[in-house]
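model-v9.cif (mmCIF, C-alpha atoms) appears below.
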```
data_model
loop_
_atom_site.label_atom_id
_atom_site.label_comp_id
_atom_site.auth_asym_id
_atom_site.auth_seq_id
_atom_site.Cartn_x
_atom_site.Cartn_y
_atom_site.Cartn_z
CA MET A 1 79.38 -46.47 -43.46
CA SER A 2 78.14 -43.08 -42.34
CA VAL A 3 78.74 -40.86 -39.33
CA VAL A 4 76.28 -41.28 -36.46
CA PHE A 5 75.66 -38.58 -33.85
CA GLU A 6 73.98 -39.35 -30.55
CA THR A 7 73.61 -37.84 -27.09
CA VAL A 8 74.98 -40.06 -24.31
CA GLU A 9 75.99 -39.87 -20.67
CA TYR A 10 79.73 -40.24 -20.25
CA HIS A 11 81.23 -40.34 -16.76
CA GLY A 12 78.37 -38.20 -15.49
CA TRP A 13 78.53 -35.62 -18.30
CA ARG A 14 75.88 -35.17 -20.96
CA SER A 15 77.94 -35.69 -24.11
CA THR A 16 77.88 -36.03 -27.90
CA ARG A 17 79.14 -39.31 -29.35
CA LEU A 18 80.28 -39.54 -32.98
CA HIS A 19 81.07 -42.87 -34.58
CA ASN A 20 81.38 -44.42 -38.03
CA GLY A 21 81.19 -48.08 -37.01
CA LEU A 22 84.99 -48.18 -36.70
CA ILE A 23 86.11 -45.45 -34.31
CA GLU A 24 84.29 -43.16 -31.91
CA LEU A 25 84.74 -39.76 -30.27
CA ILE A 26 82.97 -38.51 -27.15
CA VAL A 27 82.73 -34.76 -26.49
CA PRO A 28 81.15 -33.52 -23.22
CA GLN A 29 78.53 -30.80 -23.41
CA GLU A 30 78.88 -29.71 -19.77
CA ILE A 31 82.59 -28.83 -19.77
CA GLY A 32 84.88 -27.85 -22.51
CA ILE A 33 86.24 -27.65 -25.00
CA ARG A 34 87.28 -31.34 -24.54
CA VAL A 35 87.35 -34.43 -26.71
CA MET A 36 87.45 -36.97 -23.88
CA ARG A 37 87.50 -40.18 -25.88
CA LEU A 38 89.05 -41.23 -29.17
CA GLY A 39 89.47 -44.88 -30.01
CA PHE A 40 88.39 -47.93 -31.91
CA ILE A 41 84.93 -49.00 -30.76
CA GLY A 42 85.26 -51.43 -27.87
CA GLN A 43 89.00 -50.74 -27.54
CA PRO A 44 91.00 -48.56 -25.11
CA ASN A 45 90.77 -44.78 -25.15
CA GLN A 46 93.82 -43.19 -26.77
CA PHE A 47 93.34 -40.10 -24.61
CA LEU A 48 93.91 -39.90 -20.87
CA GLU A 49 90.99 -39.46 -18.49
CA VAL A 50 91.89 -38.14 -15.02
CA PRO A 51 89.82 -40.42 -12.75
CA GLU A 52 89.27 -38.00 -9.85
CA GLN A 53 88.00 -35.29 -12.21
CA LEU A 54 85.51 -37.35 -14.21
CA GLY A 55 82.03 -35.88 -13.94
CA ALA A 56 83.27 -32.71 -12.25
CA ARG A 57 81.89 -29.36 -13.35
CA GLY A 58 81.74 -25.76 -12.20
CA GLY A 59 84.00 -24.00 -9.73
CA ASP A 60 87.02 -21.73 -9.98
CA ALA A 61 89.79 -24.34 -10.09
CA TRP A 62 91.31 -25.17 -13.48
CA ARG A 63 91.11 -28.92 -14.18
CA ILE A 64 93.04 -30.76 -16.84
CA TYR A 65 90.34 -33.50 -17.17
CA GLY A 66 92.37 -35.19 -19.92
CA GLY A 67 91.39 -35.56 -23.56
CA HIS A 68 92.06 -32.97 -26.26
CA ARG A 69 91.72 -29.25 -25.54
CA LEU A 70 92.30 -25.83 -27.11
CA TRP A 71 94.52 -23.10 -25.66
CA HIS A 72 96.36 -20.05 -26.97
CA ALA A 73 100.09 -19.43 -26.73
CA PRO A 74 102.48 -18.12 -25.46
CA GLU A 75 101.79 -19.77 -22.09
CA THR A 76 101.22 -17.46 -19.13
CA PHE A 77 99.55 -18.06 -15.78
CA GLU A 78 97.35 -15.01 -16.30
CA ARG A 79 95.59 -16.02 -19.53
CA THR A 80 96.39 -19.62 -20.39
CA TYR A 81 94.61 -21.42 -17.54
CA SER A 82 91.17 -20.07 -18.34
CA ARG A 83 88.42 -22.02 -16.56
CA ASP A 84 86.56 -24.43 -18.82
CA ASN A 85 84.31 -26.08 -16.27
CA PHE A 86 81.03 -24.90 -17.75
CA PRO A 87 78.67 -25.93 -20.58
CA VAL A 88 79.62 -25.40 -24.21
CA ALA A 89 77.41 -25.14 -27.30
CA HIS A 90 77.20 -28.18 -29.61
CA ALA A 91 75.86 -27.94 -33.17
CA GLN A 92 75.81 -30.57 -35.93
CA HIS A 93 76.53 -29.59 -39.53
CA GLY A 94 76.54 -32.67 -41.75
CA SER A 95 79.33 -34.93 -40.48
CA THR A 96 80.87 -32.10 -38.44
CA LEU A 97 80.35 -31.28 -34.77
CA VAL A 98 80.92 -27.59 -33.95
CA VAL A 99 81.75 -26.89 -30.30
CA THR A 100 81.85 -23.29 -29.06
CA GLN A 101 83.04 -22.12 -25.66
CA ALA A 102 82.08 -18.80 -24.09
CA VAL A 103 84.57 -15.93 -24.24
CA ASP A 104 87.35 -16.48 -21.72
CA HIS A 105 88.75 -13.94 -19.28
CA ALA A 106 91.36 -12.91 -21.88
CA GLY A 107 88.59 -11.94 -24.32
CA ILE A 108 89.08 -14.96 -26.64
CA GLU A 109 86.27 -17.16 -27.96
CA LYS A 110 87.30 -20.78 -28.60
CA GLN A 111 85.70 -23.07 -31.14
CA VAL A 112 86.49 -26.43 -32.75
CA GLU A 113 84.98 -28.18 -35.75
CA ILE A 114 85.32 -31.96 -35.48
CA THR A 115 84.80 -33.91 -38.70
CA LEU A 116 84.84 -37.71 -38.60
CA ASP A 117 85.60 -39.53 -41.84
CA ALA A 118 82.64 -41.71 -42.84
CA ALA A 119 84.71 -44.77 -43.71
CA ALA A 120 88.17 -44.50 -42.13
CA ALA A 121 89.87 -44.12 -38.74
CA ARG A 122 90.52 -40.46 -39.45
CA VAL A 123 89.32 -37.19 -37.89
CA THR A 124 89.90 -33.56 -38.86
CA VAL A 125 89.81 -30.98 -36.08
CA LEU A 126 89.74 -27.31 -37.04
CA HIS A 127 90.59 -25.04 -34.09
CA ARG A 128 89.49 -21.40 -34.12
CA LEU A 129 90.27 -18.48 -31.80
CA THR A 130 88.37 -15.20 -32.16
CA ASN A 131 89.34 -11.95 -30.45
CA LYS A 132 86.20 -10.66 -28.75
CA GLY A 133 88.07 -7.95 -26.87
CA LEU A 134 88.53 -4.26 -27.57
CA TRP A 135 92.24 -4.33 -28.47
CA PRO A 136 94.51 -6.37 -30.77
CA VAL A 137 95.90 -9.60 -29.29
CA THR A 138 99.00 -11.48 -30.46
CA LEU A 139 98.70 -15.24 -30.03
CA ALA A 140 99.09 -18.67 -31.58
CA VAL A 141 96.42 -21.35 -31.71
CA TRP A 142 97.58 -24.17 -29.42
CA ALA A 143 96.04 -27.65 -29.66
CA LEU A 144 96.90 -30.17 -26.93
CA SER A 145 96.17 -33.90 -26.75
CA VAL A 146 96.66 -35.64 -23.41
CA MET A 147 97.56 -39.18 -24.39
CA ALA A 148 96.82 -42.41 -22.53
CA ASN A 149 99.46 -43.30 -19.95
CA GLY A 150 102.14 -45.91 -20.43
CA GLY A 151 102.79 -45.15 -24.07
CA VAL A 152 105.58 -43.68 -26.16
CA THR A 153 105.61 -40.59 -28.37
CA ILE A 154 107.51 -40.60 -31.66
CA VAL A 155 108.80 -37.34 -33.18
CA PRO A 156 110.58 -37.13 -36.55
CA LEU A 157 113.65 -34.92 -36.82
CA PRO A 158 114.32 -32.79 -39.92
CA PRO A 159 116.07 -34.59 -42.79
CA ARG A 160 119.61 -35.69 -41.95
CA GLY A 161 122.59 -35.05 -44.17
CA SER A 162 126.39 -35.18 -44.20
CA HIS A 163 129.25 -32.94 -43.19
CA GLU A 164 130.57 -33.00 -46.74
CA THR A 165 127.38 -31.66 -48.37
CA ASP A 166 125.44 -29.82 -45.62
CA LEU A 167 127.39 -26.94 -44.15
CA LEU A 168 124.50 -25.09 -42.52
CA PRO A 169 122.25 -26.21 -39.65
CA ASN A 170 118.68 -27.32 -40.32
CA THR A 171 117.37 -28.27 -36.85
CA ARG A 172 116.35 -26.16 -33.89
CA LEU A 173 115.21 -27.85 -30.67
CA THR A 174 113.68 -25.89 -27.81
CA LEU A 175 114.36 -27.05 -24.26
CA TRP A 176 112.69 -25.82 -21.07
CA PRO A 177 114.63 -25.02 -17.87
CA TYR A 178 113.55 -28.35 -16.36
CA THR A 179 114.36 -30.49 -19.43
CA ASP A 180 116.96 -33.16 -18.62
CA MET A 181 118.34 -34.77 -21.78
CA SER A 182 119.92 -37.56 -19.71
CA ASP A 183 116.53 -38.72 -18.38
CA PRO A 184 116.00 -42.38 -19.39
CA ARG A 185 112.54 -41.61 -20.81
CA TRP A 186 114.24 -40.01 -23.81
CA THR A 187 115.69 -41.70 -26.86
CA TRP A 188 117.60 -39.08 -28.87
CA GLY A 189 118.12 -40.81 -32.20
CA ARG A 190 119.47 -39.79 -35.56
CA GLU A 191 116.07 -39.50 -37.29
CA TYR A 192 113.57 -39.72 -34.42
CA VAL A 193 113.13 -38.64 -30.83
CA LEU A 194 111.19 -41.04 -28.59
CA LEU A 195 109.68 -39.96 -25.27
CA ARG A 196 108.16 -42.55 -22.94
CA HIS A 197 105.60 -42.00 -20.21
CA ASP A 198 106.58 -43.36 -16.79
CA ALA A 199 104.15 -43.06 -13.88
CA GLN A 200 107.06 -43.52 -11.45
CA ALA A 201 109.16 -40.65 -12.85
CA ALA A 202 108.54 -37.50 -10.84
CA ALA A 203 110.41 -34.90 -12.92
CA PRO A 204 108.61 -33.25 -15.87
CA GLN A 205 110.20 -33.19 -19.32
CA LYS A 206 109.43 -31.00 -22.33
CA PHE A 207 110.86 -30.16 -25.71
CA GLY A 208 109.68 -28.57 -28.93
CA LEU A 209 110.86 -28.10 -32.48
CA ALA A 210 110.07 -26.69 -35.89
CA ASN A 211 108.58 -29.93 -37.17
CA VAL A 212 109.02 -29.74 -40.92
CA HIS A 213 107.57 -33.23 -41.42
CA GLY A 214 104.22 -32.06 -40.01
CA TRP A 215 103.42 -35.15 -37.93
CA ALA A 216 103.95 -36.77 -34.55
CA ALA A 217 102.66 -40.07 -33.21
CA HIS A 218 101.87 -41.79 -29.92
CA TRP A 219 101.74 -45.56 -29.38
CA HIS A 220 99.56 -47.06 -26.64
CA ALA A 221 98.29 -50.61 -26.07
CA GLY A 222 98.86 -51.72 -29.65
CA THR A 223 97.22 -48.69 -31.25
CA LEU A 224 99.05 -45.86 -32.97
CA PHE A 225 97.65 -42.32 -32.86
CA ALA A 226 99.16 -39.91 -35.37
CA CYS A 227 98.56 -36.18 -35.52
CA ARG A 228 99.24 -34.13 -38.64
CA ALA A 229 99.46 -30.34 -38.56
CA ALA A 230 101.20 -28.42 -41.32
CA HIS A 231 104.41 -26.55 -40.49
CA GLN A 232 104.78 -23.20 -42.27
CA PRO A 233 108.54 -22.81 -42.83
CA HIS A 234 108.67 -19.03 -43.13
CA ALA A 235 106.24 -18.18 -40.32
CA GLU A 236 107.05 -17.01 -36.80
CA TYR A 237 106.11 -19.55 -34.12
CA PRO A 238 106.13 -19.25 -30.31
CA ASP A 239 108.82 -20.65 -28.01
CA TYR A 240 111.82 -20.12 -30.29
CA GLY A 241 110.02 -21.38 -33.35
CA CYS A 242 108.06 -24.42 -32.13
CA SER A 243 105.26 -25.80 -34.28
CA TYR A 244 105.15 -28.99 -32.13
CA GLU A 245 105.79 -29.47 -28.42
CA PHE A 246 105.82 -32.51 -26.14
CA PHE A 247 105.41 -32.70 -22.36
CA THR A 248 105.36 -35.50 -19.83
CA ASN A 249 105.35 -35.99 -16.08
CA TYR A 250 104.23 -38.84 -13.83
CA GLN A 251 100.58 -38.10 -14.62
CA ILE A 252 100.37 -37.23 -18.32
CA MET A 253 101.90 -37.22 -21.80
CA GLU A 254 100.94 -34.41 -24.18
CA VAL A 255 101.29 -34.09 -27.95
CA GLU A 256 100.88 -30.41 -28.82
CA THR A 257 100.76 -28.48 -32.10
CA LEU A 258 100.78 -24.73 -32.63
CA SER A 259 99.90 -22.28 -35.36
CA PRO A 260 102.15 -19.35 -36.26
CA LEU A 261 101.90 -16.26 -34.12
CA THR A 262 99.37 -13.76 -35.41
CA THR A 263 97.95 -10.45 -34.23
CA LEU A 264 94.14 -10.47 -34.18
CA ALA A 265 92.23 -7.21 -34.33
CA PRO A 266 88.85 -7.19 -32.55
CA ASN A 267 86.51 -9.80 -34.11
CA GLU A 268 89.30 -11.37 -36.18
CA SER A 269 89.96 -15.11 -35.99
CA ALA A 270 92.90 -17.48 -36.37
CA GLU A 271 92.53 -21.14 -37.39
CA HIS A 272 94.68 -24.23 -37.02
CA ALA A 273 93.89 -27.74 -38.32
CA GLU A 274 94.96 -31.14 -37.09
CA THR A 275 94.20 -34.49 -38.75
CA TRP A 276 94.15 -37.56 -36.49
CA HIS A 277 94.73 -41.13 -37.68
CA LEU A 278 94.45 -44.43 -35.77
CA TRP A 279 96.02 -47.77 -36.68
CA ALA A 280 95.46 -51.03 -34.79
CA ASP A 281 97.89 -53.88 -34.05
CA VAL A 282 101.06 -51.81 -34.26
CA PRO A 283 104.17 -53.16 -32.47
CA GLU A 284 105.55 -51.06 -29.64
CA PRO A 285 108.41 -48.82 -30.86
CA ARG A 286 110.97 -49.46 -28.12
CA THR A 287 113.87 -48.21 -30.26
CA GLU A 288 114.52 -45.77 -33.07
CA ALA A 289 114.93 -48.71 -35.44
CA ALA A 290 111.45 -49.97 -34.47
CA ALA A 291 109.99 -46.51 -35.09
CA ALA A 292 111.57 -46.46 -38.54
CA ALA A 293 110.32 -49.96 -39.32
CA HIS A 294 106.76 -49.82 -37.97
CA ILE A 295 105.73 -46.16 -37.59
CA ALA A 296 107.26 -44.26 -40.50
CA PRO A 297 105.67 -46.45 -43.22
CA LEU A 298 102.18 -45.84 -41.83
CA LEU A 299 102.72 -42.08 -41.89
CA ALA A 300 104.18 -42.23 -45.38
CA ALA A 301 101.11 -44.12 -46.60
CA SER A 302 98.82 -41.44 -45.17
CA ARG A 303 100.61 -38.50 -46.78
CA GLY A 304 98.26 -35.88 -48.18
CA TRP A 305 95.78 -36.05 -45.32
CA GLY A 306 96.16 -32.97 -43.18
CA GLU A 307 99.11 -31.55 -45.10
CA GLY A 308 99.06 -28.00 -46.35
CA ARG A 309 96.03 -27.02 -44.29
#
```

Could you render the structure from this file as structure tokens?
Amino acid sequence: MSVVFETVEYHGWRSTRLHNGLIELIVPQEIGIRVMRLGFIGQPNQFLEVPEQLGARGGDAWRIYGGHRLWHAPETFERTYSRDNFPVAHAQHGSTLVVTQAVDHAGIEKQVEITLDAAAARVTVLHRLTNKGLWPVTLAVWALSVMANGGVTIVPLPPRGSHETDLLPNTRLTLWPYTDMSDPRWTWGREYVLLRHDAQAAAPQKFGLANVHGWAAHWHAGTLFACRAAHQPHAEYPDYGCSYEFFTNYQIMEVETLSPLTTLAPNESAEHAETWHLWADVPEPRTEAAAAAHIAPLLAASRGWGEGR
């Protein structure tokens, strides 16, 4: 198999479609940066699409749209919600699609390089932020995937131990002021945290952690999406040390990864890579035991892809 690029119309947007005969991605050219579709060909989208915003463009209001997007952290109202309702540049380099967005109001240029494996359900996404301003800027590259509704996110906790042999802590979880650990969408297990999307649950939930395993996964409609992004153990991360964060409300579920904080001088760039994997016909992980039985072995078998980047 080889990677095929083609220009298509998708929900009213002129878009670039990449496929390898197994999976496909669709990336609009008229808004961005967004990867609006990722899935097995002919099967459900693993990313959310917000129905009332499909085909929208232009204007001053920030729209989530759905899909996968690129931000920079820490989150602030002033710089984070930069409008991305306008055309972006698409360029093909071999099996890689390079998408570049105009400089935002914070002086940051955003770019992603999307590389689809020619023969596997695997994608590498390299995120790049470049300081186009006049002064240094401290930030972290922040990659966010809005997952299809009705699924469950699986997050591995750092290795467990015993009171007799492990006297010092090894886990730091970050909670937001609105996080409710008693909410029934959570499963706080010994080795995994599970977070379910519920369209009837009004309250938002969020948590983050220093994810030393370097992966998180989301199950939806029989398909497992896994995201790998390397955790750098001695680096400084935003939000009390989070390299991964997870958010849900009635509308969305997000799987988010972050790079370490860095200070960019004018014209300097920071990069952050994610590797995506898809598996079909995976049982729903309703419990921690199910996650250990059906999810962890798939991630173990894919070790080496996306690690250490």

Inset, instruction - Name all residues at most 9 Å from region 93-110 of chain A (count all atoms listed in the file; drop same-chain ones fewer than 5 positions away) and give them as an MDAnalysis selection string. - result: chainID A and resid 2:5 16 18 27 29 31:33 70:72 78:80 82:84 86:88 115:118 127:134

Legend entry - Spatial neighbours of region 290-293 of chain A, max dist 12 Å, all atoms listed in the file, sep filter under 5 positions, as number ranges by chain: A: 152-157, 187, 189-195, 216-219, 224, 282-285, 298-300

Legend entry - Ground truth for the PyMOL selection byres ((chain A and resi 247) around 8), written as a list in words: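 When the PyMOL selection byres ((chain A and resi 247) around 8) is applied, the selected residues are Pro204, Gln205, Lys206, Phe207, Glu245, Phe246, Thr248, Asn249, Ile252, Met253, Glu254 and Val255 of chain A.
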
Inset, instruction - Let me know the residues the PyMOL selection byres ((chain A and resi 59) around 10) catches in the file above, as a list in words. - result: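 Output of the PyMOL selection byres ((chain A and resi 59) around 10): Ala56, Arg57, Gly58, Asp60, Ala61, Trp62, Arg63, Arg83, Asp84, Asn85 and Phe86 of chain A.
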
Legend entry - Interatomic distance, CA of Trp186 (chain A) to CA of Ser145 (chain A) (Å, one decimal):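 Taking CA of Trp186 (chain A) as the start and CA of Ser145 (chain A) as the end point, the length is 19.3 Å.
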
Taking all atoms of region 175-178 of chain A that the file lists, what box with edges along x, y and z, padded by 8 Å per side, do you get, with centre and edge lengths in Å to one decimal, as AutoDock Vina command-line options?
```
--center_x 113.7 --center_y -26.7 --center_z -20.3 --size_x 17.9 --size_y 19.3 --size_z 23.9
```

Legend entry - Thr263 (chain A) environment, 9 Å, all atoms listed in the file, sequence neighbours closer than 6 positions dropped, as a PyMOL selection string: chain A and resi 136-140+270

Inset, instruction - Find the spatial neighbours of Asp239 (chain A), counting only C-alpha atoms, within a cut-off of 12 Å - ignore same-chain residues fewer than 2 positions away - and output them as a list in words. - result: Ala73, Pro74, Glu75, Leu139, Ala140, Trp142, Arg172, Leu173, Thr174, Leu175, Trp176, Lys206, Phe207, Gly208, Leu209, Ala210, Glu236, Tyr237, Gly241, Cys242, Ser243, Tyr244, Glu245, Thr257, Leu258, Ser259, Pro260 and Leu261 of chain A

Legend entry - Output check: residues returned by the PyMOL selection byres ((chain A and resi 49) around 10), as an MDAnalysis selection string: chainID A and resid 11 36:37 45:48 50:54 64:67 146:149 252

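Comparing the minimum interatomic distances between Leu25 (chain A) and each of A:Asp183, A:Glu268, A:Glu6, A:Glu256, counting all atoms listed in the file, we find that A:Glu6 sits nearest.
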
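When only C-alpha atoms are used to compute distances to Val35 (chain A), the closest of the residues A:Ile23, A:Val125, A:Glu9, A:Arg160 turns out to be A:Val125.
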
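Residue nearest Ile41 (chain A) within the list A:Gly21, A:Pro28, A:Gly55, A:Gly151: A:Gly21 [criterion: smallest interatomic distance, all atoms listed in the file].
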
Exercise: region 272-275 of chain A partners within 8 Å, all atoms listed in the file, chain neighbours under 3 positions left out, as a compact mmCIF listing (two decimals) with C-alpha atoms, keeping the file's coordinate frame:
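The result, stored in around.txt:
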```txt
# COMPACT_ATOMS: atom_id res chain seq x y z
CA ARG A 122 90.52 -40.46 -39.45
CA VAL A 123 89.32 -37.19 -37.89
CA THR A 124 89.90 -33.56 -38.86
CA VAL A 125 89.81 -30.98 -36.08
CA LEU A 126 89.74 -27.31 -37.04
CA HIS A 127 90.59 -25.04 -34.09
CA ARG A 128 89.49 -21.40 -34.12
CA VAL A 141 96.42 -21.35 -31.71
CA CYS A 227 98.56 -36.18 -35.52
CA ARG A 228 99.24 -34.13 -38.64
CA ALA A 229 99.46 -30.34 -38.56
CA ALA A 230 101.20 -28.42 -41.32
CA LEU A 258 100.78 -24.73 -32.63
CA SER A 259 99.90 -22.28 -35.36
CA TRP A 305 95.78 -36.05 -45.32
CA GLY A 306 96.16 -32.97 -43.18
CA ARG A 309 96.03 -27.02 -44.29
```

Inset, instruction - Find the residue from A:Ser182, A:Thr223, A:Ser269, A:Gln200 that sits nearest to Ala121 (chain A); use all atoms listed in the file when measuring. - result: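 Smallest distance to Ala121 (chain A) is found for A:Thr223.
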
Inset, instruction - Determine the nearest neighbour of Tyr81 (chain A) from the options A:Arg69, A:Met181, A:Thr165, A:Arg17, counting only C-alpha atoms. - result: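 Checking each of A:Arg69, A:Met181, A:Thr165, A:Arg17 against Tyr81 (chain A), counting only C-alpha atoms, the winner is A:Arg69.
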
Inset, instruction - Please measure the separation of CA of Ala226 (chain A) and CA of Ile114 (chain A), giving the value in Å to one decimal. - result: 16.0 Å

Reconstruct N, CA and C atoms of region 31-43 of chain A; output as a CSV table (one decimal), keeping the file's coordinate frame.
```csv
chain,number,residue,atom,x,y,z
A,31,ILE,N,81.3,-29.5,-20.0
A,31,ILE,CA,82.6,-28.8,-19.8
A,31,ILE,C,83.2,-28.6,-21.1
A,32,GLY,N,84.3,-27.8,-21.2
A,32,GLY,CA,84.9,-27.8,-22.5
A,32,GLY,C,85.7,-26.6,-22.8
A,33,ILE,N,86.3,-26.7,-23.9
A,33,ILE,CA,86.2,-27.6,-25.0
A,33,ILE,C,87.1,-28.9,-24.7
A,34,ARG,N,86.5,-30.1,-24.8
A,34,ARG,CA,87.3,-31.3,-24.5
A,34,ARG,C,86.7,-32.4,-25.5
A,35,VAL,N,87.7,-33.1,-26.1
A,35,VAL,CA,87.4,-34.4,-26.7
A,35,VAL,C,87.9,-35.4,-25.7
A,36,MET,N,87.0,-36.1,-25.0
A,36,MET,CA,87.4,-37.0,-23.9
A,36,MET,C,87.8,-38.4,-24.3
A,37,ARG,N,87.2,-38.8,-25.4
A,37,ARG,CA,87.5,-40.2,-25.9
A,37,ARG,C,87.7,-40.2,-27.4
A,38,LEU,N,88.8,-40.9,-27.8
A,38,LEU,CA,89.0,-41.2,-29.2
A,38,LEU,C,89.6,-42.7,-29.2
A,39,GLY,N,89.0,-43.5,-29.9
A,39,GLY,CA,89.5,-44.9,-30.0
A,39,GLY,C,88.6,-45.8,-30.9
A,40,PHE,N,89.2,-46.9,-31.2
A,40,PHE,CA,88.4,-47.9,-31.9
A,40,PHE,C,87.2,-48.4,-31.0
A,41,ILE,N,86.1,-48.6,-31.6
A,41,ILE,CA,84.9,-49.0,-30.8
A,41,ILE,C,85.2,-50.3,-30.0
A,42,GLY,N,85.0,-50.3,-28.7
A,42,GLY,CA,85.3,-51.4,-27.9
A,42,GLY,C,86.7,-51.6,-27.5
A,43,GLN,N,87.6,-50.7,-27.9
A,43,GLN,CA,89.0,-50.7,-27.5
A,43,GLN,C,89.4,-49.6,-26.6
```
